[in-house]
>>> print(open('query-v3.txt').read())   # compact mmCIF, C-alpha atoms and all ligand atoms
# COMPACT_ATOMS: atom_id res chain seq x y z
CA MET C 13 0.00 0.00 0.00
CA GLY C 14 1.35 3.43 -0.92
CA MET C 15 1.33 6.56 1.20
CA ARG C 16 -2.12 8.00 1.76
CA THR C 17 -2.78 11.06 -0.37
CA ARG C 18 -3.15 14.13 1.84
CA VAL C 19 -6.26 16.29 1.55
CA LYS C 20 -6.56 20.04 1.91
CA PHE C 21 -9.93 21.79 1.93
CA CYS C 22 -9.31 25.37 0.87
CA GLY C 23 -11.37 28.55 1.02
CA ILE C 24 -12.89 27.80 4.42
CA THR C 25 -14.90 30.73 5.75
CA ARG C 26 -16.97 29.09 8.52
CA ARG C 27 -15.86 27.46 11.74
CA GLU C 28 -18.25 24.53 11.30
CA ASP C 29 -16.67 23.72 7.93
CA ALA C 30 -13.21 23.68 9.51
CA ILE C 31 -14.39 21.33 12.25
CA HIS C 32 -16.16 19.09 9.75
CA ALA C 33 -12.94 18.92 7.69
CA ALA C 34 -11.01 17.84 10.77
CA ARG C 35 -13.62 15.20 11.68
CA LEU C 36 -13.40 13.76 8.19
CA GLY C 37 -9.64 13.35 8.62
CA ALA C 38 -8.50 16.22 6.40
CA ASP C 39 -4.82 17.07 6.72
CA ALA C 40 -5.15 20.79 6.11
CA ILE C 41 -7.57 23.65 5.76
CA GLY C 42 -6.87 26.76 3.70
CA LEU C 43 -7.79 30.34 4.55
CA VAL C 44 -7.82 32.84 1.68
CA PHE C 45 -6.25 36.22 2.50
CA TYR C 46 -6.91 37.69 -0.93
CA PRO C 47 -9.50 40.46 -0.76
CA LYS C 48 -10.69 39.93 -4.36
CA SER C 49 -11.70 36.33 -3.66
CA PRO C 50 -15.31 35.52 -2.74
CA ARG C 51 -13.74 33.24 -0.10
CA ALA C 52 -11.60 35.95 1.49
CA VAL C 53 -11.44 36.16 5.27
CA SER C 54 -10.11 38.88 7.56
CA PRO C 55 -7.51 38.02 10.22
CA GLN C 56 -10.25 38.30 12.83
CA GLN C 57 -12.56 35.87 11.00
CA ALA C 58 -9.60 33.54 10.47
CA CYS C 59 -8.92 33.40 14.20
CA GLN C 60 -12.54 32.48 14.87
CA ILE C 61 -12.50 29.79 12.20
CA VAL C 62 -9.42 28.01 13.57
CA ARG C 63 -10.36 28.38 17.24
CA GLY C 64 -11.14 24.95 18.69
CA LEU C 65 -9.65 23.09 15.75
CA PRO C 66 -8.11 19.82 17.00
CA PRO C 67 -4.32 19.45 16.83
CA PHE C 68 -2.49 18.09 13.80
CA VAL C 69 -4.67 19.82 11.24
CA THR C 70 -2.40 22.14 9.28
CA VAL C 71 -3.63 25.70 8.79
CA VAL C 72 -2.61 27.12 5.41
CA GLY C 73 -2.73 30.87 4.67
CA LEU C 74 -3.24 31.65 0.97
CA PHE C 75 -1.93 34.96 -0.44
CA VAL C 76 -1.87 36.43 -3.94
CA ASN C 77 0.84 39.04 -4.55
CA ALA C 78 0.21 40.43 -1.06
CA ALA C 79 2.18 43.35 0.37
CA ALA C 80 4.76 42.22 2.94
CA ARG C 81 3.21 44.54 5.50
CA TYR C 82 -0.21 42.85 5.15
CA LEU C 83 1.33 39.41 5.32
CA HIS C 84 3.16 40.29 8.53
CA GLN C 85 -0.08 41.65 10.00
CA VAL C 86 -1.84 38.36 9.30
CA LEU C 87 1.04 36.26 10.61
CA ASP C 88 1.11 38.31 13.84
CA ARG C 89 -2.56 37.55 14.49
CA VAL C 90 -3.47 34.19 12.99
CA PRO C 91 -1.86 30.83 13.88
CA ILE C 92 -0.80 29.88 10.35
CA ASP C 93 1.40 26.82 9.87
CA ILE C 94 2.29 27.17 6.21
CA LEU C 95 1.98 29.83 3.54
CA GLN C 96 0.55 29.27 0.08
CA PHE C 97 1.70 31.82 -2.49
CA HIS C 98 -0.77 31.85 -5.36
CA GLY C 99 0.48 34.82 -7.38
CA GLU C 100 3.70 35.84 -9.09
CA GLU C 101 5.79 35.92 -5.92
CA SER C 102 9.50 35.39 -6.54
CA PRO C 103 11.46 32.75 -4.62
CA GLU C 104 13.03 35.61 -2.59
CA GLU C 105 9.59 36.93 -1.60
CA CYS C 106 8.39 33.46 -0.63
CA ASN C 107 11.44 33.04 1.59
CA ARG C 108 11.10 36.38 3.31
CA TYR C 109 8.84 35.21 6.14
CA GLY C 110 10.92 32.37 7.54
CA ARG C 111 7.92 30.03 7.29
CA PRO C 112 7.39 26.89 5.27
CA TYR C 113 5.53 27.60 2.06
CA VAL C 114 4.03 26.01 -1.02
CA LYS C 115 4.21 27.81 -4.35
CA ALA C 116 1.20 27.60 -6.63
CA ILE C 117 2.02 27.25 -10.30
CA ARG C 118 -0.70 27.99 -12.83
CA MET C 119 -0.41 25.51 -15.65
CA ALA C 120 -0.10 27.95 -18.55
CA GLU C 121 1.11 26.55 -21.86
CA GLY C 122 4.83 25.83 -21.88
CA VAL C 123 5.31 26.09 -18.13
CA ASP C 124 8.67 24.56 -17.13
CA LEU C 125 7.92 22.66 -13.95
CA LEU C 126 11.37 21.12 -13.61
CA GLY C 127 12.92 24.60 -13.85
CA LEU C 128 10.42 26.04 -11.40
CA GLU C 129 11.10 23.26 -8.96
CA GLN C 130 14.75 24.30 -8.97
CA ALA C 131 13.94 28.01 -8.72
CA TYR C 132 11.63 27.43 -5.75
CA GLY C 133 14.02 24.96 -4.14
CA SER C 134 13.04 26.09 -0.65
CA ALA C 135 9.33 25.39 -1.20
CA SER C 136 7.84 22.47 0.72
CA ALA C 137 5.96 21.53 -2.45
CA LEU C 138 4.62 22.96 -5.68
CA LEU C 139 0.85 23.23 -6.01
CA LEU C 140 -0.38 22.86 -9.58
CA ASP C 141 -3.52 24.75 -10.50
CA THR C 142 -5.41 25.44 -13.72
CA TYR C 143 -4.43 28.49 -15.73
CA GLN C 144 -7.18 30.87 -16.76
CA ILE C 145 -6.46 34.37 -18.07
CA GLY C 146 -7.22 37.05 -15.51
CA VAL C 147 -8.08 34.61 -12.70
CA ALA C 148 -5.62 34.05 -9.86
CA GLY C 149 -7.07 30.69 -8.83
CA GLY C 150 -10.15 28.89 -7.64
CA THR C 151 -11.22 28.52 -11.28
CA GLY C 152 -13.17 25.30 -10.72
CA GLN C 153 -11.61 23.99 -13.95
CA VAL C 154 -9.31 21.00 -14.38
CA PHE C 155 -6.14 21.07 -16.45
CA ASP C 156 -4.77 18.20 -18.50
CA TRP C 157 -3.24 15.96 -15.83
CA SER C 158 -1.00 14.24 -18.36
CA ARG C 159 1.02 17.48 -18.45
CA VAL C 160 2.51 16.78 -15.01
CA PRO C 161 6.00 15.53 -15.87
CA GLU C 162 7.66 12.56 -14.25
CA GLY C 163 10.95 13.22 -12.50
CA LEU C 164 9.82 15.97 -10.16
CA SER C 165 11.60 15.41 -6.89
CA LYS C 166 9.21 17.24 -4.59
CA GLY C 167 5.67 16.15 -3.91
CA ILE C 168 2.97 17.73 -6.00
CA ILE C 169 -0.20 19.20 -4.59
CA LEU C 170 -2.84 18.77 -7.27
CA ALA C 171 -5.53 21.45 -7.51
CA GLY C 172 -7.97 22.87 -10.02
CA GLY C 173 -11.53 21.71 -10.52
CA LEU C 174 -11.32 18.63 -8.32
CA THR C 175 -14.67 17.18 -7.24
CA PRO C 176 -15.96 14.10 -5.40
CA GLU C 177 -16.59 12.62 -8.88
CA ASN C 178 -13.16 13.12 -10.44
CA VAL C 179 -10.74 13.02 -7.51
CA ALA C 180 -10.14 9.25 -7.55
CA GLN C 181 -9.24 9.37 -11.24
CA ALA C 182 -6.96 12.36 -10.61
CA VAL C 183 -5.12 10.56 -7.80
CA MET C 184 -4.68 7.43 -9.90
CA LYS C 185 -3.33 9.42 -12.83
CA VAL C 186 -1.00 11.91 -11.08
CA ARG C 187 -0.23 10.14 -7.78
CA PRO C 188 0.16 13.51 -6.05
CA TYR C 189 1.41 14.04 -2.52
CA ALA C 190 -1.85 15.87 -1.79
CA VAL C 191 -5.05 17.12 -3.40
CA ASP C 192 -6.50 20.55 -2.80
CA VAL C 193 -10.14 21.44 -3.38
CA SER C 194 -12.29 24.48 -2.98
CA GLY C 195 -15.20 24.97 -5.42
CA GLY C 196 -15.88 21.23 -5.88
CA VAL C 197 -17.07 20.82 -2.30
CA GLU C 198 -19.12 24.02 -2.01
CA GLN C 199 -22.84 24.74 -2.01
CA ASN C 200 -22.14 28.44 -2.60
CA LYS C 201 -18.86 30.31 -2.90
CA GLY C 202 -17.21 30.19 0.52
CA VAL C 203 -19.83 27.84 1.98
CA LYS C 204 -18.82 24.22 2.05
CA ASP C 205 -21.23 21.33 1.57
CA ALA C 206 -20.76 18.73 4.31
CA ALA C 207 -21.93 15.82 2.12
CA LYS C 208 -19.65 16.81 -0.76
CA MET C 209 -16.68 17.07 1.61
CA ALA C 210 -17.37 13.56 2.90
CA ALA C 211 -17.80 12.23 -0.65
CA PHE C 212 -14.50 13.85 -1.63
CA MET C 213 -12.68 12.08 1.22
CA ARG C 214 -14.26 8.77 0.18
CA GLY C 215 -13.08 9.38 -3.38
CA VAL C 216 -9.49 9.84 -2.18
CA ASP C 217 -9.69 6.86 0.17
CA SER C 218 -11.01 4.63 -2.59
CA VAL C 219 -7.62 4.86 -4.30
CA ASN C 220 -5.32 4.66 -1.29
O1 LIG K 1 -10.43 30.15 -3.93
C1 LIG K 1 -10.17 31.27 -4.41
O2 LIG K 1 -11.05 32.14 -4.52
C2 LIG K 1 -8.79 31.58 -4.86
C3 LIG K 1 -8.48 32.88 -5.21
C4 LIG K 1 -7.21 33.19 -5.62
C5 LIG K 1 -6.22 32.22 -5.69
C6 LIG K 1 -6.53 30.90 -5.37
C7 LIG K 1 -7.80 30.57 -4.96
N1 LIG K 1 -8.15 29.27 -4.65
C8 LIG K 1 -7.35 28.11 -4.85
O3 LIG K 1 -7.35 27.64 -6.18
C9 LIG K 1 -7.16 26.23 -6.18
C10 LIG K 1 -8.22 25.52 -7.00
O4 LIG K 1 -9.50 25.82 -6.56
P1 LIG K 1 -10.80 25.03 -7.12
O5 LIG K 1 -10.83 23.70 -6.40
O6 LIG K 1 -10.63 24.87 -8.59
O7 LIG K 1 -11.98 25.86 -6.74
C11 LIG K 1 -7.17 25.82 -4.72
O8 LIG K 1 -5.83 25.78 -4.23
C12 LIG K 1 -7.89 26.95 -4.07
O9 LIG K 1 -7.56 27.06 -2.77
>>> encode(input="query-v3.txt", output="structure tokens")
Amino acid sequence: MGMRTRVKFCGITRREDAIHAARLGADAIGLVFYPKSPRAVSPQQACQIVRGLPPFVTVVGLFVNAAARYLHQVLDRVPIDILQFHGEESPEECNRYGRPYVKAIRMAEGVDLLGLEQAYGSASALLLDTYQIGVAGGTGQVFDWSRVPEGLSKGIILAGGLTPENVAQAVMKVRPYAVDVSGGVEQNKGVKDAAKMAAFMRGVDSVN
């Protein structure tokens, strides 16, 4: 039996969704600190969401080209374990906070993942997301999974349009370290659907 694929539920805006994620055995929850996102939370909301979360559930803070000052403000207030940079942040910017981070790569045509893996050598992992012009992420669209090259040395976090229906196939095809989902387990933007979250976990478990 291989290693169990980790699961991150991203774009959590309600405490009950965070607790449900933990009960289902999720490895991580993601909080979006990007004001233009319909799933954005303030530092104060974030603190309320993670309060009472059981231990060993990783809290991920997602940022898109955020100002360093804002990022420091969030880090001072919210117990974030790992940063997710979802914009055009350089490796130097990602390293500036002395925290572990994952770098999201949007799968535009011709993207050189092996080169990016070297450039972001200090990243804990690369997160691969669908490319859509003018959209930073959370597109709800899949990309062509066969474009993930073999020979990457770090684990891949697979994102982009994952759903309870397609996640098993995605895991079988890509064998990622983790899967990351937002829109595919929502009833409305920012509001998770408890049944879809459970079905998503079952989909992952069916492959492991
Ligand atoms: O969720 C958002 O609104 C968002 C905004 C800006 C950057 C990233 C965002 N979300 C992340 O995008 C991927 C894929 O999401 P989806 O499953 O296709 O909805 C995931 O990492 C989200 O957390």
>>> closest_residue(input="query-v3.txt", among="C:Val123, C:Val197, C:Val203, C:Ala137", to="ligand LIG 1 (chain K)", atoms="all atoms listed in the file")
C:Val197
>>> residues_around(input="query-v3.txt", residues="segment 162-177 of chain C", least_positions_apart="6", cutoff="8 Å", atoms="only C-alpha atoms", output="PyMOL selection string")
chain C and resi 125-126+129+136-142+149-155+188-197+208-209+211-215
>>> residues_around(input="query-v3.txt", residues="Asn107 of chain C", least_positions_apart="2", cutoff="12 Å", atoms="only C-alpha atoms", output="VMD selection string")
chain C and resid 80 94 to 97 101 to 105 109 to 115 131 to 136
>>> closest_residue(input="query-v3.txt", among="C:Thr70, C:Asn220, C:Gln181, C:Gln144", to="ligand LIG 1 (chain K)", atoms="all atoms listed in the file")
C:Gln144
>>> closest_residue(input="query-v3.txt", among="C:Met15, C:Ala58, C:Val44, C:Val71", to="ligand LIG 1 (chain K)", atoms="all atoms listed in the file")
C:Val44
